Amino acid sequence: LIAVNVLVFVWMLLAGEAQEALVNLYAMVPAHFSDGVSLADIGTIFTSMFMHARFVHLAGNMLYLWIFGDNVEDALGPGKYLAFYLVGGVVASVAHILINPGSQLPTVGASGAIAAVLGAYLVLYPGSQIVTAIPLRFSIRLSVLPASVVLGLWFVLQFFDGVLALGGADVGGVAVWAHIGGFVAGVVIAK
């Protein structure tokens with residue numbers, strides 16, 4: 001999954017000026033699902049899961065997938081893990097569409113599917129210890145915290161941003177309800 005995401009990112013970079021056309025063709029646009037759903041629209045739910053807007057977007061998502069994904073894959077097995085990842089991404093996209101039905105903004109990124117991985121990790125390995133960087137005033141402290149604390153706090157922050165977004169606050173173009181939907185899907189499926 002990491003390799004596919006990186007290869008798609010490189011392919012998009014190599015497209016140069018055609019990159020915008022690729023986004024228009026393969027990114028998921030919530031408003032397209034309001035007028036009747038086509039097979040092409042459904043396809044964008046899957047293709048958008050492997051596209052990323054910037055290198056930092058890709059790097060952050062792949063870091064989370066690398067840290068948490070291998071353990072969830074070990075628990076499920078490779079075939080079930082792939083199916084789980086894709087289903088988590090679909091549920092995340094549906095959550096984003098339901099909350100933003102009129103949005104014309106193209107949605108890209110693996111974070112909804114990765115949020116499902118985080119939810120499953122929380123269920124499967126709640127006491128697992130995670131080295132966590134904690135920003136302090138002018139420095140960063142590394143601490144070891146249980147997965148239940150790290151992932152629980154991550155979910156609470158996503159939910160808080162989601163509620164703010166419902167009230168019209170700018171959350172920087174992040175599809176926080178996709179994160180929430182993916183995470184909840186991961187928890188439910190893992191249970």
# chains A, B, ... in the order shown; residues from 1 in each chain; ligands from 1

$ residues_around --residues "A:Gln19" --least-positions-apart "2" --cutoff "12 Å" --atoms "only C-alpha atoms" --output "list in words"
Val8, Phe9, Val10, Trp11, Met12, Leu13, Leu14, Ala15, Gly16, Glu17, Ala21, Leu22, Val23, Asn24, Leu25, Tyr26, Ala27, Met51, His52, Ala53 and Arg54 of chain A

$ residues_around --residues "stretch 100-112 of chain A" --least-positions-apart "2" --cutoff "8 Å" --atoms "only C-alpha atoms" --output "PyMOL selection string"
chain A and resi 23-24+27-34+48-53+57-58+61+88-89+92-93+96-98+114-116+175+178-183

$ write_last_selection --atoms "N, CA, C and O atoms" --output "CSV table (one decimal), in the first residue's frame"
chain,number,residue,atom,x,y,z
A,23,VAL,N,-6.2,15.2,-11.4
A,23,VAL,CA,-7.0,15.4,-10.2
A,23,VAL,C,-8.5,15.5,-10.5
A,23,VAL,O,-9.3,14.9,-9.9
A,24,ASN,N,-8.8,16.2,-11.6
A,24,ASN,CA,-10.2,16.4,-12.0
A,24,ASN,C,-10.8,15.0,-12.4
A,24,ASN,O,-12.0,14.8,-12.3
A,27,ALA,N,-9.9,12.3,-8.6
A,27,ALA,CA,-10.2,12.7,-7.3
A,27,ALA,C,-11.7,12.6,-7.0
A,27,ALA,O,-12.5,12.7,-8.0
A,28,MET,N,-12.1,12.3,-5.8
A,28,MET,CA,-13.5,12.2,-5.4
A,28,MET,C,-14.1,13.6,-5.1
A,28,MET,O,-13.5,14.3,-4.4
A,29,VAL,N,-15.2,13.9,-5.8
A,29,VAL,CA,-15.9,15.2,-5.5
A,29,VAL,C,-17.2,14.9,-4.9
A,29,VAL,O,-18.1,14.3,-5.6
A,30,PRO,N,-17.5,15.3,-3.7
A,30,PRO,CA,-18.7,14.9,-3.0
A,30,PRO,C,-20.0,15.3,-3.8
A,30,PRO,O,-21.0,14.6,-3.9
A,31,ALA,N,-20.0,16.5,-4.4
A,31,ALA,CA,-21.2,17.0,-5.1
A,31,ALA,C,-21.6,16.1,-6.3
A,31,ALA,O,-22.7,16.0,-6.7
A,32,HIS,N,-20.6,15.3,-6.8
A,32,HIS,CA,-20.9,14.4,-7.9
A,32,HIS,C,-21.9,13.3,-7.5
A,32,HIS,O,-22.5,12.7,-8.3
A,33,PHE,N,-21.9,13.0,-6.2
A,33,PHE,CA,-22.8,12.0,-5.7
A,33,PHE,C,-24.2,12.5,-5.4
A,33,PHE,O,-25.1,11.7,-5.0
A,34,SER,N,-24.4,13.8,-5.5
A,34,SER,CA,-25.7,14.3,-5.2
A,34,SER,C,-26.7,14.2,-6.4
A,34,SER,O,-27.9,14.2,-6.2
A,48,SER,N,-9.0,8.1,-5.5
A,48,SER,CA,-8.6,9.2,-4.7
A,48,SER,C,-7.9,8.7,-3.4
A,48,SER,O,-7.1,9.5,-2.8
A,49,MET,N,-8.1,7.5,-3.0
A,49,MET,CA,-7.4,6.9,-1.8
A,49,MET,C,-5.9,6.8,-2.0
A,49,MET,O,-5.2,6.7,-1.0
A,50,PHE,N,-5.4,6.9,-3.2
A,50,PHE,CA,-4.0,6.7,-3.5
A,50,PHE,C,-3.3,8.0,-4.0
A,50,PHE,O,-2.2,7.9,-4.4
A,51,MET,N,-4.1,9.1,-4.0
A,51,MET,CA,-3.6,10.3,-4.5
A,51,MET,C,-3.3,11.2,-3.3
A,51,MET,O,-4.0,11.2,-2.3
A,52,HIS,N,-2.3,12.1,-3.5
A,52,HIS,CA,-1.9,13.1,-2.4
A,52,HIS,C,-1.6,14.4,-3.0
A,52,HIS,O,-1.0,14.5,-4.1
A,53,ALA,N,-2.0,15.5,-2.3
A,53,ALA,CA,-1.8,16.8,-2.8
A,53,ALA,C,-0.4,17.3,-2.8
A,53,ALA,O,0.1,18.0,-3.7
A,57,HIS,N,1.7,15.8,2.7
A,57,HIS,CA,0.5,15.0,2.8
A,57,HIS,C,0.8,13.5,2.7
A,57,HIS,O,0.4,12.7,3.5
A,58,LEU,N,1.6,13.2,1.7
A,58,LEU,CA,2.0,11.8,1.5
A,58,LEU,C,2.8,11.3,2.6
A,58,LEU,O,2.5,10.2,3.1
A,61,ASN,N,0.8,10.6,5.9
A,61,ASN,CA,-0.1,9.5,5.8
A,61,ASN,C,0.7,8.2,5.8
A,61,ASN,O,0.4,7.2,6.4
A,88,GLY,N,-12.5,0.5,4.7
A,88,GLY,CA,-12.3,1.7,5.6
A,88,GLY,C,-12.3,3.0,4.8
A,88,GLY,O,-12.9,4.0,5.2
A,89,GLY,N,-11.6,3.0,3.7
A,89,GLY,CA,-11.5,4.1,2.8
A,89,GLY,C,-12.9,4.5,2.2
A,89,GLY,O,-13.2,5.7,2.1
A,92,ALA,N,-15.0,6.0,4.9
A,92,ALA,CA,-14.5,7.4,5.2
A,92,ALA,C,-15.0,8.3,4.1
A,92,ALA,O,-15.5,9.5,4.4
A,93,SER,N,-15.0,7.9,2.8
A,93,SER,CA,-15.5,8.8,1.7
A,93,SER,C,-17.0,9.0,1.9
A,93,SER,O,-17.4,10.1,1.6
A,96,HIS,N,-17.6,11.6,4.5
A,96,HIS,CA,-17.2,12.9,3.9
A,96,HIS,C,-18.3,13.4,3.0
A,96,HIS,O,-18.7,14.6,3.0
A,97,ILE,N,-18.8,12.6,2.1
A,97,ILE,CA,-19.9,12.9,1.2
A,97,ILE,C,-21.2,13.3,2.0
A,97,ILE,O,-21.8,14.3,1.6
A,98,LEU,N,-21.5,12.6,3.0
A,98,LEU,CA,-22.7,12.9,3.7
A,98,LEU,C,-22.7,14.2,4.5
A,98,LEU,O,-23.7,14.9,4.6
A,114,ILE,N,-6.5,5.1,6.3
A,114,ILE,CA,-5.5,5.0,7.4
A,114,ILE,C,-6.1,5.2,8.8
A,114,ILE,O,-5.8,4.6,9.8
A,115,ALA,N,-7.1,6.1,8.8
A,115,ALA,CA,-7.9,6.3,10.1
A,115,ALA,C,-8.6,5.0,10.5
A,115,ALA,O,-8.7,4.6,11.7
A,116,ALA,N,-9.0,4.2,9.5
A,116,ALA,CA,-9.6,2.9,9.8
A,116,ALA,C,-8.6,2.0,10.4
A,116,ALA,O,-8.8,1.2,11.4
A,175,ALA,N,-10.4,16.8,5.3
A,175,ALA,CA,-11.6,16.1,5.3
A,175,ALA,C,-11.8,15.3,6.7
A,175,ALA,O,-11.7,14.1,6.8
A,178,ALA,N,-14.1,12.4,7.1
A,178,ALA,CA,-13.5,11.2,6.5
A,178,ALA,C,-12.7,10.5,7.5
A,178,ALA,O,-12.7,9.2,7.7
A,179,HIS,N,-11.9,11.2,8.3
A,179,HIS,CA,-11.0,10.6,9.3
A,179,HIS,C,-11.9,10.0,10.4
A,179,HIS,O,-11.7,8.8,10.8
A,180,ILE,N,-13.0,10.7,10.8
A,180,ILE,CA,-13.9,10.2,11.8
A,180,ILE,C,-14.6,8.9,11.3
A,180,ILE,O,-14.6,7.9,12.0
A,181,GLY,N,-15.1,9.0,10.1
A,181,GLY,CA,-15.8,7.8,9.6
A,181,GLY,C,-14.9,6.6,9.4
A,181,GLY,O,-15.3,5.5,9.7
A,182,GLY,N,-13.7,6.9,8.9
A,182,GLY,CA,-12.7,5.8,8.8
A,182,GLY,C,-12.4,5.2,10.1
A,182,GLY,O,-12.3,3.9,10.3
A,183,PHE,N,-12.1,6.0,11.1
A,183,PHE,CA,-11.7,5.5,12.4
A,183,PHE,C,-12.8,4.6,13.0
A,183,PHE,O,-12.6,3.6,13.5

$ select_by_dssp --residues "stretch 115-165 of chain A" --states "strand (DSSP E)" --output "list in words"
Gln129, Ile130, Val131, Thr132, Ala133, Ile134, Pro135, Ile140, Arg141, Leu142, Ser143, Val144, Leu145 and Pro146 of chain A

$ write_last_selection --atoms "all heavy atoms" --output "compact mmCIF listing (two decimals), in the first residue's frame"
# COMPACT_ATOMS: atom_id res chain seq x y z
N GLN A 129 2.73 0.20 23.48
CA GLN A 129 3.43 1.44 23.80
C GLN A 129 3.92 2.12 22.51
O GLN A 129 4.52 1.47 21.65
CB GLN A 129 4.62 1.16 24.72
CG GLN A 129 4.21 0.54 26.05
CD GLN A 129 3.39 1.47 26.89
OE1 GLN A 129 3.79 2.59 27.19
NE2 GLN A 129 2.19 1.04 27.26
N ILE A 130 3.66 3.42 22.38
CA ILE A 130 4.01 4.17 21.19
C ILE A 130 4.92 5.32 21.58
O ILE A 130 4.58 6.12 22.47
CB ILE A 130 2.75 4.72 20.48
CG1 ILE A 130 1.85 3.56 20.07
CG2 ILE A 130 3.11 5.57 19.28
CD1 ILE A 130 0.50 3.99 19.56
N VAL A 131 6.09 5.40 20.95
CA VAL A 131 6.97 6.54 21.16
C VAL A 131 6.32 7.74 20.48
O VAL A 131 6.02 7.71 19.29
CB VAL A 131 8.38 6.28 20.59
CG1 VAL A 131 9.26 7.53 20.75
CG2 VAL A 131 9.02 5.08 21.26
N THR A 132 6.08 8.78 21.25
CA THR A 132 5.31 9.93 20.78
C THR A 132 6.11 11.22 20.98
O THR A 132 6.69 11.43 22.05
CB THR A 132 3.99 10.03 21.57
OG1 THR A 132 3.32 8.77 21.49
CG2 THR A 132 3.09 11.11 21.03
N ALA A 133 6.14 12.05 19.94
CA ALA A 133 6.78 13.36 20.04
C ALA A 133 5.77 14.35 20.60
O ALA A 133 4.70 14.55 20.03
CB ALA A 133 7.28 13.82 18.67
N ILE A 134 6.11 14.95 21.73
CA ILE A 134 5.23 15.92 22.38
C ILE A 134 5.87 17.30 22.27
O ILE A 134 6.94 17.54 22.85
CB ILE A 134 5.00 15.55 23.86
CG1 ILE A 134 4.36 14.15 23.95
CG2 ILE A 134 4.12 16.60 24.55
CD1 ILE A 134 4.23 13.62 25.35
N PRO A 135 5.23 18.19 21.50
CA PRO A 135 5.81 19.53 21.37
C PRO A 135 5.63 20.33 22.66
O PRO A 135 4.54 20.38 23.22
CB PRO A 135 5.03 20.16 20.21
CG PRO A 135 3.79 19.35 20.07
CD PRO A 135 4.03 18.01 20.71
N ILE A 140 10.94 19.58 21.68
CA ILE A 140 10.07 18.40 21.52
C ILE A 140 10.57 17.34 22.49
O ILE A 140 11.77 17.08 22.58
CB ILE A 140 10.11 17.88 20.08
CG1 ILE A 140 9.48 18.90 19.14
CG2 ILE A 140 9.41 16.53 19.96
CD1 ILE A 140 9.50 18.52 17.68
N ARG A 141 9.64 16.73 23.18
CA ARG A 141 9.99 15.67 24.14
C ARG A 141 9.44 14.36 23.60
O ARG A 141 8.28 14.28 23.18
CB ARG A 141 9.37 15.98 25.49
CG ARG A 141 9.62 14.92 26.51
CD ARG A 141 8.97 15.28 27.81
NE ARG A 141 9.11 14.18 28.73
CZ ARG A 141 8.53 14.11 29.89
NH1 ARG A 141 7.78 15.11 30.30
NH2 ARG A 141 8.70 13.07 30.66
N LEU A 142 10.25 13.32 23.64
CA LEU A 142 9.79 11.98 23.26
C LEU A 142 9.32 11.26 24.51
O LEU A 142 10.03 11.21 25.51
CB LEU A 142 10.92 11.19 22.59
CG LEU A 142 11.39 11.71 21.25
CD1 LEU A 142 12.52 10.83 20.70
CD2 LEU A 142 10.26 11.77 20.24
N SER A 143 8.11 10.73 24.45
CA SER A 143 7.54 9.99 25.57
C SER A 143 6.92 8.70 25.04
O SER A 143 6.50 8.64 23.89
CB SER A 143 6.45 10.81 26.27
OG SER A 143 6.99 11.93 26.89
N VAL A 144 6.87 7.71 25.89
CA VAL A 144 6.23 6.45 25.54
C VAL A 144 4.84 6.45 26.18
O VAL A 144 4.71 6.58 27.40
CB VAL A 144 7.05 5.25 26.02
CG1 VAL A 144 6.36 3.94 25.69
CG2 VAL A 144 8.45 5.28 25.41
N LEU A 145 3.81 6.34 25.32
CA LEU A 145 2.43 6.38 25.78
C LEU A 145 1.66 5.17 25.25
O LEU A 145 1.98 4.66 24.17
CB LEU A 145 1.75 7.66 25.30
CG LEU A 145 2.35 8.98 25.78
CD1 LEU A 145 1.72 10.15 25.03
CD2 LEU A 145 2.15 9.14 27.28
N PRO A 146 0.62 4.73 25.97
CA PRO A 146 -0.20 3.63 25.46
C PRO A 146 -0.96 4.05 24.20
O PRO A 146 -1.36 5.22 24.05
CB PRO A 146 -1.17 3.33 26.60
CG PRO A 146 -0.75 4.13 27.76
CD PRO A 146 0.20 5.18 27.29

$ atom_distance --atom1 "atom CA of A:Phe84" --atom2 "atom CA of A:Val156"
22.8 Å

$ select_by_dssp --residues "stretch 94-142 of chain A" --states "helix (DSSP H, G or I)" --output "list in words"
Val94, Ala95, His96, Ile97, Leu98, Ile99, Ser111, Gly112, Ala113, Ile114, Ala115, Ala116, Val117, Leu118, Gly119, Ala120, Tyr121, Leu122, Val123 and Leu124 of chain A

$ closest_residue --among "A:Ile189, A:Ile45, A:Leu157, A:Ala169" --to "A:Val117" --atoms "only C-alpha atoms"
A:Ile189

$ residues_around --residues "A:Glu73" --least-positions-apart "2" --cutoff "12 Å" --atoms "only C-alpha atoms" --output "VMD selection string"
chain A and resid 1 65 to 71 75 to 85 117 to 118 120 to 121 124 190

$ write_last_selection --atoms "C-alpha atoms" --output "PDB file, in the first residue's frame"
ATOM      1  CA  LEU A   1       0.000   0.000   0.000  1.00  0.00           C
ATOM      2  CA  LEU A  65       0.454   3.577   7.730  1.00  0.00           C
ATOM      3  CA  TRP A  66       3.994   2.316   8.298  1.00  0.00           C
ATOM      4  CA  ILE A  67       3.766   2.584  12.100  1.00  0.00           C
ATOM      5  CA  PHE A  68       0.307   1.076  12.581  1.00  0.00           C
ATOM      6  CA  GLY A  69      -0.512  -0.824   9.395  1.00  0.00           C
ATOM      7  CA  ASP A  70       1.908  -3.724   9.703  1.00  0.00           C
ATOM      8  CA  ASN A  71       0.471  -4.812  13.055  1.00  0.00           C
ATOM      9  CA  ALA A  75      -3.643  -9.629  12.810  1.00  0.00           C
ATOM     10  CA  LEU A  76      -5.856  -9.867   9.699  1.00  0.00           C
ATOM     11  CA  GLY A  77      -3.576 -11.422   7.093  1.00  0.00           C
ATOM     12  CA  PRO A  78      -2.658  -9.723   3.801  1.00  0.00           C
ATOM     13  CA  GLY A  79      -5.871 -10.395   1.842  1.00  0.00           C
ATOM     14  CA  LYS A  80      -8.256  -9.431   4.619  1.00  0.00           C
ATOM     15  CA  TYR A  81      -6.091  -6.408   5.429  1.00  0.00           C
ATOM     16  CA  LEU A  82      -6.327  -5.105   1.864  1.00  0.00           C
ATOM     17  CA  ALA A  83     -10.100  -5.579   1.880  1.00  0.00           C
ATOM     18  CA  PHE A  84     -10.318  -3.921   5.320  1.00  0.00           C
ATOM     19  CA  TYR A  85      -8.223  -0.962   4.128  1.00  0.00           C
ATOM     20  CA  VAL A 117      -6.235   1.252  10.431  1.00  0.00           C
ATOM     21  CA  LEU A 118      -5.823   3.456  13.524  1.00  0.00           C
ATOM     22  CA  ALA A 120      -8.452  -1.238  14.326  1.00  0.00           C
ATOM     23  CA  TYR A 121      -5.082  -0.788  16.011  1.00  0.00           C
ATOM     24  CA  LEU A 124      -6.373  -4.884  18.696  1.00  0.00           C
ATOM     25  CA  ALA A 190     -11.928  -4.890  14.259  1.00  0.00           C
TER      26      ALA A 190
END
